[in-house]
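Chemist: Structure: input-v9.csv, CSV, N, CA and C atoms.
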chain,number,residue,atom,x,y,z
A,1,MET,N,8.4,-72.6,45.8
A,1,MET,CA,7.5,-72.7,46.9
A,1,MET,C,7.9,-73.8,47.8
A,2,GLN,N,8.2,-73.5,49.0
A,2,GLN,CA,8.6,-74.5,50.0
A,2,GLN,C,7.5,-74.9,50.9
A,3,ASN,N,7.5,-76.2,51.4
A,3,ASN,CA,6.4,-76.7,52.2
A,3,ASN,C,6.2,-75.9,53.4
A,4,GLU,N,7.2,-75.3,54.0
A,4,GLU,CA,7.0,-74.6,55.3
A,4,GLU,C,6.2,-73.3,55.0
A,5,ASN,N,6.1,-72.9,53.8
A,5,ASN,CA,5.3,-71.7,53.5
A,5,ASN,C,3.9,-72.0,53.1
A,6,LEU,N,3.5,-73.3,53.1
A,6,LEU,CA,2.2,-73.7,52.7
A,6,LEU,C,1.3,-73.7,54.0
A,7,ILE,N,0.1,-73.2,53.8
A,7,ILE,CA,-0.9,-73.1,54.8
A,7,ILE,C,-2.1,-73.9,54.3
A,8,PRO,N,-2.6,-74.8,55.2
A,8,PRO,CA,-3.8,-75.6,54.7
A,8,PRO,C,-5.0,-74.7,54.4
A,9,VAL,N,-5.7,-75.0,53.3
A,9,VAL,CA,-6.8,-74.3,52.9
A,9,VAL,C,-7.9,-74.4,54.0
A,10,GLU,N,-8.0,-75.5,54.6
A,10,GLU,CA,-9.0,-75.6,55.7
A,10,GLU,C,-8.7,-74.7,56.8
A,11,LEU,N,-7.5,-74.5,57.2
A,11,LEU,CA,-7.1,-73.6,58.2
A,11,LEU,C,-7.5,-72.1,57.8
A,12,CYS,N,-7.2,-71.8,56.6
A,12,CYS,CA,-7.6,-70.4,56.1
A,12,CYS,C,-9.1,-70.3,56.1
A,13,ARG,N,-9.8,-71.3,55.7
A,13,ARG,CA,-11.3,-71.2,55.7
A,13,ARG,C,-11.8,-70.9,57.1
A,14,VAL,N,-11.3,-71.7,58.0
A,14,VAL,CA,-11.8,-71.5,59.4
A,14,VAL,C,-11.4,-70.2,60.0
A,15,HIS,N,-10.1,-69.8,59.8
A,15,HIS,CA,-9.6,-68.6,60.3
A,15,HIS,C,-10.3,-67.3,59.8
A,16,TYR,N,-10.6,-67.3,58.5
A,16,TYR,CA,-11.2,-66.2,57.9
A,16,TYR,C,-12.8,-66.3,57.8
A,17,LYS,N,-13.3,-67.4,58.3
A,17,LYS,CA,-14.7,-67.7,58.3
A,17,LYS,C,-15.3,-67.5,57.0
A,18,VAL,N,-14.8,-68.2,56.0
A,18,VAL,CA,-15.3,-68.2,54.6
A,18,VAL,C,-15.6,-69.6,54.2
A,19,GLU,N,-16.4,-69.6,53.1
A,19,GLU,CA,-16.8,-70.9,52.6
A,19,GLU,C,-15.7,-71.5,51.7
A,20,LEU,N,-15.5,-72.8,51.7
A,20,LEU,CA,-14.5,-73.5,50.9
A,20,LEU,C,-14.8,-73.2,49.5
A,21,SER,N,-16.0,-73.2,49.1
A,21,SER,CA,-16.4,-73.0,47.6
A,21,SER,C,-15.9,-71.6,47.2
A,22,PHE,N,-15.8,-70.6,48.1
A,22,PHE,CA,-15.3,-69.3,47.7
A,22,PHE,C,-13.8,-69.4,47.4
A,23,ILE,N,-13.1,-70.0,48.3
A,23,ILE,CA,-11.6,-70.2,48.1
A,23,ILE,C,-11.4,-71.0,46.8
A,24,GLN,N,-12.2,-72.0,46.5
A,24,GLN,CA,-12.0,-72.8,45.3
A,24,GLN,C,-12.3,-71.9,44.1
A,25,SER,N,-13.3,-71.1,44.2
A,25,SER,CA,-13.7,-70.2,43.1
A,25,SER,C,-12.5,-69.2,42.8
A,26,LEU,N,-11.9,-68.7,43.8
A,26,LEU,CA,-10.7,-67.8,43.6
A,26,LEU,C,-9.6,-68.5,42.9
A,27,HIS,N,-9.5,-69.8,43.2
A,27,HIS,CA,-8.4,-70.6,42.6
A,27,HIS,C,-8.8,-70.8,41.1
A,28,GLN,N,-10.1,-71.1,40.8
A,28,GLN,CA,-10.6,-71.4,39.5
A,28,GLN,C,-10.4,-70.2,38.6
A,29,TYR,N,-10.6,-69.0,39.2
A,29,TYR,CA,-10.5,-67.7,38.4
A,29,TYR,C,-9.0,-67.3,38.3
A,30,GLY,N,-8.1,-68.0,39.0
A,30,GLY,CA,-6.7,-67.7,38.9
A,30,GLY,C,-6.2,-66.6,39.8
A,31,PHE,N,-7.0,-66.2,40.8
A,31,PHE,CA,-6.6,-65.2,41.8
A,31,PHE,C,-5.6,-65.7,42.8
A,32,ILE,N,-5.7,-67.0,43.2
A,32,ILE,CA,-4.8,-67.6,44.1
A,32,ILE,C,-4.5,-69.0,43.6
A,33,HIS,N,-3.4,-69.5,44.0
A,33,HIS,CA,-3.0,-70.9,43.6
A,33,HIS,C,-3.1,-71.8,44.8
A,34,ILE,N,-3.8,-72.9,44.5
A,34,ILE,CA,-3.9,-74.0,45.5
A,34,ILE,C,-3.0,-75.1,45.1
A,35,VAL,N,-2.2,-75.6,46.1
A,35,VAL,CA,-1.3,-76.7,45.8
A,35,VAL,C,-1.8,-77.9,46.6
A,36,SER,N,-1.9,-79.1,45.9
A,36,SER,CA,-2.3,-80.3,46.6
A,36,SER,C,-1.1,-81.1,46.9
A,37,VAL,N,-1.0,-81.5,48.2
A,37,VAL,CA,0.1,-82.4,48.7
A,37,VAL,C,-0.5,-83.5,49.5
A,38,GLU,N,-0.3,-84.7,49.1
A,38,GLU,CA,-0.9,-85.9,49.8
A,38,GLU,C,-2.4,-85.7,50.1
A,39,GLN,N,-3.1,-85.4,49.1
A,39,GLN,CA,-4.6,-85.2,49.2
A,39,GLN,C,-5.1,-84.1,50.1
A,40,GLN,N,-4.2,-83.1,50.4
A,40,GLN,CA,-4.6,-82.0,51.2
A,40,GLN,C,-4.3,-80.7,50.4
A,41,GLN,N,-5.1,-79.7,50.5
A,41,GLN,CA,-4.9,-78.5,49.7
A,41,GLN,C,-4.3,-77.4,50.6
A,42,PHE,N,-3.3,-76.7,49.9
A,42,PHE,CA,-2.6,-75.6,50.6
A,42,PHE,C,-2.5,-74.4,49.8
A,43,ILE,N,-2.4,-73.2,50.5
A,43,ILE,CA,-2.1,-71.9,49.9
A,43,ILE,C,-0.8,-71.5,50.4
A,44,ASP,N,0.0,-70.9,49.5
A,44,ASP,CA,1.3,-70.4,49.8
A,44,ASP,C,1.1,-69.1,50.7
A,45,SER,N,1.9,-69.0,51.7
A,45,SER,CA,1.8,-67.8,52.7
A,45,SER,C,2.0,-66.5,52.0
A,46,ASP,N,2.7,-66.5,50.8
A,46,ASP,CA,2.9,-65.2,50.1
A,46,ASP,C,1.6,-64.7,49.5
A,47,GLU,N,0.6,-65.6,49.4
A,47,GLU,CA,-0.7,-65.2,48.8
A,47,GLU,C,-1.8,-64.8,49.8
A,48,LEU,N,-1.4,-64.8,51.1
A,48,LEU,CA,-2.4,-64.4,52.1
A,48,LEU,C,-2.9,-63.0,52.0
A,49,GLN,N,-2.0,-62.1,51.6
A,49,GLN,CA,-2.4,-60.7,51.5
A,49,GLN,C,-3.5,-60.6,50.3
A,50,THR,N,-3.2,-61.3,49.3
A,50,THR,CA,-4.2,-61.3,48.2
A,50,THR,C,-5.5,-61.9,48.6
A,51,LEU,N,-5.4,-63.0,49.3
A,51,LEU,CA,-6.6,-63.7,49.8
A,51,LEU,C,-7.4,-62.8,50.7
A,52,GLU,N,-6.7,-62.1,51.6
A,52,GLU,CA,-7.4,-61.2,52.5
A,52,GLU,C,-8.1,-60.1,51.8
A,53,LYS,N,-7.5,-59.5,50.8
A,53,LYS,CA,-8.1,-58.5,50.0
A,53,LYS,C,-9.3,-59.0,49.3
A,54,LEU,N,-9.2,-60.2,48.7
A,54,LEU,CA,-10.4,-60.7,48.0
A,54,LEU,C,-11.5,-61.1,48.9
A,55,ILE,N,-11.2,-61.5,50.1
A,55,ILE,CA,-12.2,-61.8,51.1
A,55,ILE,C,-13.0,-60.5,51.5
A,56,ARG,N,-12.2,-59.5,51.7
A,56,ARG,CA,-12.9,-58.2,52.1
A,56,ARG,C,-13.8,-57.7,50.9
A,57,MET,N,-13.3,-57.8,49.7
A,57,MET,CA,-14.1,-57.4,48.6
A,57,MET,C,-15.4,-58.2,48.5
A,58,HIS,N,-15.3,-59.5,48.7
A,58,HIS,CA,-16.5,-60.3,48.6
A,58,HIS,C,-17.5,-60.2,49.8
A,59,TYR,N,-16.9,-60.3,51.0
A,59,TYR,CA,-17.8,-60.3,52.2
A,59,TYR,C,-18.2,-59.0,52.7
A,60,GLU,N,-17.3,-58.0,52.7
A,60,GLU,CA,-17.6,-56.7,53.2
A,60,GLU,C,-18.2,-55.8,52.2
A,61,LEU,N,-17.8,-55.9,50.9
A,61,LEU,CA,-18.4,-55.0,49.9
A,61,LEU,C,-19.5,-55.8,49.1
A,62,ASP,N,-19.7,-57.0,49.3
A,62,ASP,CA,-20.7,-57.9,48.7
A,62,ASP,C,-20.5,-57.9,47.1
A,63,ILE,N,-19.2,-58.1,46.7
A,63,ILE,CA,-18.9,-58.2,45.3
A,63,ILE,C,-18.7,-59.7,45.0
A,64,ASN,N,-19.3,-60.1,44.0
A,64,ASN,CA,-19.2,-61.5,43.6
A,64,ASN,C,-17.8,-61.7,42.8
A,65,VAL,N,-17.5,-63.0,42.6
A,65,VAL,CA,-16.2,-63.3,42.0
A,65,VAL,C,-16.1,-62.7,40.6
A,66,GLU,N,-17.1,-62.7,39.9
A,66,GLU,CA,-17.1,-62.1,38.5
A,66,GLU,C,-16.8,-60.6,38.6
A,67,GLY,N,-17.4,-59.9,39.6
A,67,GLY,CA,-17.1,-58.5,39.9
A,67,GLY,C,-15.7,-58.3,40.3
A,68,ILE,N,-15.2,-59.1,41.1
A,68,ILE,CA,-13.8,-59.0,41.5
A,68,ILE,C,-12.9,-59.2,40.3
A,69,GLU,N,-13.2,-60.1,39.4
A,69,GLU,CA,-12.4,-60.2,38.2
A,69,GLU,C,-12.4,-59.0,37.4
A,70,ALA,N,-13.6,-58.3,37.2
A,70,ALA,CA,-13.7,-57.1,36.5
A,70,ALA,C,-12.9,-56.0,37.1
A,71,ILE,N,-13.0,-55.8,38.5
A,71,ILE,CA,-12.3,-54.8,39.2
A,71,ILE,C,-10.8,-55.0,39.1
A,72,SER,N,-10.3,-56.3,39.2
A,72,SER,CA,-8.9,-56.6,39.1
A,72,SER,C,-8.4,-56.2,37.8
A,73,PHE,N,-9.2,-56.5,36.7
A,73,PHE,CA,-8.7,-56.2,35.4
A,73,PHE,C,-8.6,-54.7,35.2
A,74,LEU,N,-9.6,-53.9,35.7
A,74,LEU,CA,-9.5,-52.5,35.6
A,74,LEU,C,-8.4,-51.9,36.4
A,75,LEU,N,-8.1,-52.4,37.6
A,75,LEU,CA,-7.0,-51.9,38.4
A,75,LEU,C,-5.7,-52.2,37.8
A,76,GLU,N,-5.6,-53.3,37.1
A,76,GLU,CA,-4.3,-53.7,36.4
A,76,GLU,C,-4.1,-52.7,35.2
A,77,ARG,N,-5.2,-52.4,34.5
A,77,ARG,CA,-5.1,-51.4,33.4
A,77,ARG,C,-4.7,-50.0,33.9
A,78,VAL,N,-5.2,-49.6,35.0
A,78,VAL,CA,-4.9,-48.3,35.6
A,78,VAL,C,-3.4,-48.3,36.0
A,79,ASN,N,-2.9,-49.4,36.6
A,79,ASN,CA,-1.5,-49.4,37.0
A,79,ASN,C,-0.6,-49.4,35.8
A,80,ASN,N,-1.0,-50.1,34.8
A,80,ASN,CA,-0.2,-50.1,33.5
A,80,ASN,C,-0.2,-48.7,32.9
A,81,MET,N,-1.3,-48.0,32.9
A,81,MET,CA,-1.3,-46.7,32.4
A,81,MET,C,-0.5,-45.7,33.2
A,82,LYS,N,-0.5,-45.9,34.6
A,82,LYS,CA,0.4,-45.0,35.4
A,82,LYS,C,1.8,-45.3,35.1
A,83,ASN,N,2.2,-46.5,34.9
A,83,ASN,CA,3.6,-46.8,34.6
A,83,ASN,C,4.0,-46.3,33.2
A,84,GLU,N,3.1,-46.3,32.3
A,84,GLU,CA,3.3,-45.8,30.9
A,84,GLU,C,3.5,-44.3,31.0
A,85,ILE,N,2.6,-43.6,31.7
A,85,ILE,CA,2.7,-42.2,31.9
A,85,ILE,C,4.0,-41.8,32.5
A,86,ALA,N,4.4,-42.5,33.6
A,86,ALA,CA,5.7,-42.2,34.2
A,86,ALA,C,6.9,-42.4,33.2
A,87,TYR,N,6.8,-43.4,32.4
A,87,TYR,CA,7.9,-43.7,31.4
A,87,TYR,C,7.9,-42.6,30.4
A,88,LEU,N,6.7,-42.2,29.9
A,88,LEU,CA,6.7,-41.2,28.9
A,88,LEU,C,7.1,-39.8,29.4
A,89,LYS,N,6.8,-39.5,30.6
A,89,LYS,CA,7.3,-38.2,31.3
A,89,LYS,C,8.8,-38.2,31.3
A,90,SER,N,9.4,-39.4,31.7
A,90,SER,CA,10.8,-39.4,31.9
A,90,SER,C,11.5,-39.3,30.5
A,91,ARG,N,10.9,-39.9,29.5
A,91,ARG,CA,11.4,-39.7,28.1
A,91,ARG,C,11.3,-38.3,27.6
A,92,LEU,N,10.1,-37.7,27.9
A,92,LEU,CA,9.9,-36.3,27.4
A,92,LEU,C,10.9,-35.4,28.1
A,93,ASN,N,11.1,-35.5,29.4
A,93,ASN,CA,12.0,-34.7,30.2
A,93,ASN,C,13.4,-34.9,29.7
A,94,ALA,N,13.8,-36.1,29.4
A,94,ALA,CA,15.1,-36.4,28.9
A,94,ALA,C,15.4,-35.8,27.5
A,95,ALA,N,14.3,-35.8,26.7
A,95,ALA,CA,14.5,-35.3,25.3
A,95,ALA,C,14.4,-33.8,25.3
A,96,SER,N,13.6,-33.2,26.2
A,96,SER,CA,13.4,-31.7,26.2
A,96,SER,C,13.6,-31.2,27.7
A,97,PRO,N,14.8,-31.1,28.1
A,97,PRO,CA,15.0,-30.7,29.5
A,97,PRO,C,14.4,-29.3,29.9
A,98,GLN,N,14.2,-28.5,28.8
A,98,GLN,CA,13.6,-27.1,29.1
A,98,GLN,C,12.1,-27.2,29.4
A,99,LEU,N,11.5,-28.4,29.2
A,99,LEU,CA,10.1,-28.5,29.5
A,99,LEU,C,10.0,-29.1,30.9
A,100,PHE,N,9.2,-28.6,31.7
A,100,PHE,CA,9.0,-29.1,33.0
A,100,PHE,C,7.5,-29.4,33.2
A,101,PHE,N,7.2,-30.5,33.7
A,101,PHE,CA,5.8,-30.9,34.0
A,101,PHE,C,5.3,-30.2,35.2
A,102,LYS,N,4.2,-29.5,35.0
A,102,LYS,CA,3.7,-28.7,36.1
A,102,LYS,C,2.2,-28.9,36.1
A,103,GLY,N,1.7,-29.7,37.1
A,103,GLY,CA,0.2,-29.9,37.3
A,103,GLY,C,-0.3,-30.6,36.1
A,104,GLU,N,-1.3,-30.1,35.4
A,104,GLU,CA,-2.0,-30.7,34.4
A,104,GLU,C,-1.4,-30.5,33.0
A,105,GLY,N,-0.5,-29.5,32.9
A,105,GLY,CA,0.0,-29.2,31.5
A,105,GLY,C,1.5,-29.0,31.6
A,106,PHE,N,2.1,-28.7,30.5
A,106,PHE,CA,3.5,-28.4,30.4
A,106,PHE,C,3.7,-26.9,30.3
A,107,GLU,N,4.8,-26.4,30.8
A,107,GLU,CA,5.2,-25.0,30.7
A,107,GLU,C,6.6,-25.0,30.1
A,108,ASP,N,6.9,-24.1,29.2
A,108,ASP,CA,8.2,-24.0,28.6
A,108,ASP,C,8.9,-22.8,29.3
A,109,PHE,N,9.9,-23.2,30.1
A,109,PHE,CA,10.7,-22.2,30.8
A,109,PHE,C,12.0,-21.8,30.1
A,110,SER,N,12.2,-22.2,28.9
A,110,SER,CA,13.4,-22.0,28.2
A,110,SER,C,13.5,-20.5,27.8
A,111,GLN,N,12.4,-19.7,27.8
A,111,GLN,CA,12.5,-18.3,27.4
A,111,GLN,C,12.9,-17.5,28.6
A,112,ILE,N,12.9,-18.0,29.8
A,112,ILE,CA,13.2,-17.2,31.0
A,112,ILE,C,14.8,-17.2,31.1
A,113,THR,N,15.3,-16.0,31.2
A,113,THR,CA,16.7,-15.8,31.3
A,113,THR,C,17.1,-15.2,32.6
Do you think you could lay out the structure here as structure tokens?
Modeler:
Amino acid sequence: MQNENLIPVELCRVHYKVELSFIQSLHQYGFIHIVSVEQQQFIDSDELQTLEKLIRMHYELDINVEGIEAISFLLERVNNMKNEIAYLKSRLNAASPQLFFKGEGFEDFSQIT
């Protein structure tokens, strides 16, 4: 993380019109990382997209930080399951090339000549 990529937390707070305590809560829950340099707090510019997403969840959808934590956990599990399904499909297709995934089930096309 380089200093030119750091954005003051106060600037983010003013720009997004959010409370400082909300940004600090996101840091405490591990959603964003706050770096202190010479008694000033900064957020890396790479985390702005995450910050914006969390701000929308909280202020537009009225979801508290604990709810955001639960939603993030569930989204991570869904993504992991998607990756696992894709991996298992590729292994299945490699092991049995005559099976083709079609929609919700598998069809065996090996009998077609």
Chemist: When DSSP works through the backbone of this structure, what residues of chain A end up as alpha helix (DSSP H), shown as a count of residues only?
Modeler: 56
Chemist: Pick the closest to Phe31 of chain A from A:Asn80, A:Arg13, A:Thr50, A:Val18: which is it, counting all atoms listed in the file?
Modeler: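 Among A:Asn80, A:Arg13, A:Thr50, A:Val18, it is A:Thr50 that comes nearest to Phe31 of chain A.
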Chemist: Under the rule that only N, CA and C atoms are counted, which of A:Asn3, A:Ser96, A:Ser25, A:Gln40 is the nearest residue to Val65 of chain A?
Modeler: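 Using only N, CA and C atoms, the shortest distance to Val65 of chain A belongs to A:Ser25.
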Chemist: Interatomic distance between atom CA of Asp46 of chain A and atom CA of Glu60 of chain A?
Modeler: 22.4 Å
Chemist: For the structure I just gave you, how does DSSP split chain A - specifically, which residues are strand (DSSP E or B)? Reply as a ChimeraX atom specification.
Modeler: /A:6-8,34-37,40-44,99-102,105-108
Chemist: What residues have an atom no more than 8 Å from (6.0, -72.1, 53.2) in the file's own frame, counting only N, CA and C atoms, and can you write them as an NGL selection string?
Modeler: :A and (1-7 or 43-46)
Chemist: By how many Å are atom CA of Gln41 of chain A and atom N of Pro8 of chain A apart?
Modeler: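 Value for the atom CA of Gln41 of chain A-atom N of Pro8 of chain A distance: 7.0 Å.
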Chemist: For atom CA of Val35 of chain A and atom C of Lys53 of chain A, determine how far apart the two atoms are, in Å to one decimal place.
Modeler: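 So the two atoms, atom CA of Val35 of chain A and atom C of Lys53 of chain A, lie 19.7 Å apart.
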